[in-house]
Amino acid sequence: MRLSPNLPVLKDIVLIGGGHAHVTVLKRFGMKPVPGVRLTLISPDAHTPYSGMLPGLIAGHYTYDEAHIDLVRLCRFAGAIFISGAVEGVDAEQKTVRCAARPPIPYDVLSINAGSTPDPSVIPGAAGVVIPVKPVAEFLNTWAALQSDVRTTPDMQIGVIGAGAGGVELALSAQFALGAMLTERGEIRRPRFQILTRGSDILETHNPRVRSVFRKLLAERDIKLVTDFAVNRIEPGHAVAGDRSIQLDRMFWVTGAEAPDWLSASNLDTDERGFMRVDETLRSVSHPDVFGVGDCASIVGHSRPKSGVFAVRQGPPLERNLRNLVYGRTLQHYRPQKAFLSLVSTGDQNAVVSWGGLCLQGAWCWRLKDNIDRSFMTKFSVLPDMAVQTHPFPDIAVPDNVKAELSGADMRCGGCGAKVGSSTLSRVLDGLAMPNTLGHKGIEPGARDDAVILNTSGDQPIVQSIDMFRSMIDDPLVFGKIAANHSLNDVYAMGAHPKWALAIATVPFGLATKTETTLSDIMSGAVSVLDAAGCQLVGGHTAEGAELAMGFSVTGVLEDKAGLRKSGARPGEYLILTKPVGTGLIFAADMRGKAKGRWVQAAIASALVSNQNASSILRNYGATSCTDVTGFGLAGHLIEILDASGCSAQLELDAVPVLAGTPELIAAGIASSLYAENAKVIARIELGACANDVRIAVLFDPQTAGGLLASIPAENVLNCLEALKARGYVDARVVGRLVNPGTHDPVVELQPIASPPVPVTKRTFA
């Protein structure tokens with residue numbers, strides 16, 4: 001039977017960890033997908049480091065991107081769901097994976113490539129003092145802090161506990177990097193390094209010639225080697241082994257390999273050290289639907305050291321066996337090599353080749369290592385362009401402008417980038433008799449505000465709004481959170497408190513169990529946001545459809561009868577934007593596999609920030625008008641305020657906060673599918689000196705769960721901005737000023753702010 005590429009999900013393959021083997025699985029599945037199979041990757045980080053390049057990254061020979069694989073981008077290429085989170089447990093009997101703050105993730109096939117970590121916590125006094133080299137993301141943050149500390153204390157004592165290849169490379173690379181930094185600053189003093197080991201020598205898994213080369217090198221670099229020093233406790237400023245003590249200002253832990261704690265509690269068979277026991281097919285010896293690779297697993301009968309080289313080699317056979325299992329074919333055996341090539345770096349751009357009894361050294365060894373490492377990374381950084389399914393125009397006569405308008409129909413954006421354009425919506429609304437119904441039966445007229453105000457028999461007026469869009473990310477739980485957050489924003493923009501919500505959700509057709517999981521995830525995410533807002537989900541509607549989509553009708557109450565409208569702004573007031581813009585660009589680039597993972601994660605994090613506190617702060621500091629910045633972009637929503645209030649605005653392009661990656665994507669020509677429609681308002685913008693500034697594009701970028709844009713009296717604006725930042729809106733900015741429109745219709749003038757906000761004595765407004 002030939003399977004359709006649009007076949008519903010029949011089996012779920014879940015990958016735990018973005019290790020070296022799993023990135024190969026993702027790349028190969030992206031090149032050759034299996035219809036009916038859905039991949040999910042769970043990883044706490046959007047970028048995974050390549051172990052072979054970490055010493056070079058520390059030494060300063062590589063950039064962060066050169067030494068890391070972008071998991072989010074790779075998942076997009078593979079058509080896989082990326083779940084950002086740390087695994088807390090696996091129930092191998094129920095076939096689920098447990099992560100914090102989300103329902104269990106079911107699997108049909110599971111693969112674990114979670115690595116190992118050095119664990120100094122067993123040493124008394126080590127917790128919070130000793131710096132383990134893994135997780136690498138945390139280590140790199142600590143390394144950046146150390147570099148800063150060395151600038152003020154150049155002669156500190158630094159210890160590296162562990163004398164394997166990792167410890168030796170760390171000491172040499174860190175010394176090289178810190179020395180180069182201090183030389184550039186004209187500083188003569190240098191940190192002093194020591195390597196501490198419980199053994200009698202360094203690099204004990206390598207041949208004697210290699211050990212001799214590095215002993216001599218450490219002596220030349222004035223790095224002291226302390227042998228037979230088994231650290232058994234840490235005291236303030238000291239590493240202690242029995243009755244011996246060494247004074248150290250910083251201590252790095254690069255010894256031992258510990259399995260993830262949750263493995264031993266997962267019902268999977270593990271060895272005496274807690275590592276998964278797998279057979280030569282890389283399958284668990286106790287659970288045939290679970291695979292284990294890399295440092296977290298041990299192949300029965302093939303004892304090998306914990307080294308990234310084995311995980312790299314296990315990638316292709318793992319990928320083949322995952323396919324074989326879902327196709328019902330015989331699994332292939334894999335036997336790890338007994339000897340393997342090691343290229344140990346020396347901090348500078350030199351290296352030592354270690355292979356069996358062979359020992360070679362020199363700059364050419366570094367070039368060899370660099371070429372091997374870069375070739376490996378290129379496999380995952382240079383990905384084929386994602387195919388866009390296009391459909392030929394029917395053989396009928398249509399004008400060229402019709403063809404041009406529909407040319408991008410096969411890659412339309414999700415989120416608020418999927419809205420109908422402002423001009424199309426305005427023409428439809430202008431043709432309706434809606435104004436004749438407003439102002440009657442308790443409905444207050446408004447200039448197309450974010451929500452409608454209903455005066456009921458109660459003391460407090462209520463507001464109602466509705467929003468819905470299709471998903472722009474693959475994780476249903478996170479999408480549910482964003483959809484709920486976005487829908488609440490209209491109520492916050494009106495200065496109201498959300499109380500009740502009705503949900504509407506569309507889920508793709510599929511097996512009942514798969515549909516149930518998707519619906520559970522999306523609703524769990526949404527309810528967590530609604531609950532935090534004090535908004536009760538009271539009902540809704542679900543349906544099957546081609547794409548995942550979600551929305552809410554939200555009802556809120558006003559503390560005061562006026563609320564916040566778009567029509568209250570006055571000349572002389574300042575415009576505050578509470579969140580950065582750029583989500584439309586980033587999500588559009590992500591669809592095309594052009595966005596960096598950390599940009600996507602930052603855009604998601606921004607979309608998850610609630611405007612609840614921002615709304616309260618803006619009201620407390622006398623906001624006279626407000627709207628949320630969503631599908632029509634900053635310019636479109638600002639013009640709505642100007643039209644309703646009869647003002648013009650001076651907008652400072654430099655002041656508009658943007659998400660990381662936005663400038664790069666603008667320069668690359670990436671844009672949301674709603675951008676062109678939004679950009680039609682450029683006719684109402686006086687560009688001035690900004691006419692050739694490509695950053696203008698951010699003004700027309702559609703936002704999903706964007707910030708609030710409000711007008712604030714001049715005497716309150718600095719205190720308001722300070723209050724916003726204190727509550728976590730760190731990107732809140734004054735972006736412009738309202739002025740009289742003069743003889744023209746309300747327009748936006750791009751220029752520097754005419755005068756700074758007026759400083760006043762700090763005070764709190766009721």
# chains A, B, ... in the order shown; residues from 1 in each chain; ligands from 1
>>> residues_around(residues="region 464-479 of chain A", least_positions_apart="2", cutoff="8 Å", atoms="only C-alpha atoms", output="VMD selection string")
chain A and resid 80 to 83 102 413 to 416 418 to 419 450 to 454 462 481 to 483 486 to 487 490 to 491 504 518 to 519 521 to 526 547 to 556 587 591
>>> select_by_dssp(residues="region 29-142 of chain A", states="helix (DSSP H, G or I)", output="ChimeraX atom specification")
/A:29-31,51-59,71-78,120-122,136-142
>>> select_by_dssp(residues="region 587-638 of chain A", states="strand (DSSP E)", output="count of residues only")
4
>>> closest_residue(among="A:Gly646, A:Leu738, A:Tyr621, A:Gly631", to="Pro571 (chain A)", atoms="only C-alpha atoms")
A:Leu738
>>> residues_around(residues="Val609 (chain A)", least_positions_apart="6", cutoff="12 Å", atoms="only C-alpha atoms", output="ChimeraX atom specification")
/A:481-486,488-489,529,532-533,578-580,602-603,704-708,727-731
>>> closest_residue(among="A:Glu640, A:Glu187, A:Glu93, A:Glu220", to="Lys566 (chain A)", atoms="only C-alpha atoms")
A:Glu640
>>> residues_around(residues="region 163-170 of chain A", least_positions_apart="5", cutoff="6 Å", atoms="only C-alpha atoms", output="ChimeraX atom specification")
/A:197,202-203,254
>>> write_last_selection(atoms="C-alpha atoms", output="tab-separated table (two decimals), in the first residue's frame")
chain	number	residue	atom	x	y	z
A	197	THR	CA	43.52	14.27	39.60
A	202	ILE	CA	46.96	12.60	32.99
A	203	LEU	CA	45.09	11.24	29.95
A	254	VAL	CA	35.55	17.69	34.69
>>> closest_residue(among="A:His287, A:Pro154, A:Met181, A:Gly17", to="Gln94 (chain A)", atoms="only C-alpha atoms")
A:His287
>>> closest_residue(among="A:Pro55, A:Gly480, A:Gly79, A:Gly495", to="Ala171 (chain A)", atoms="only C-alpha atoms")
A:Pro55
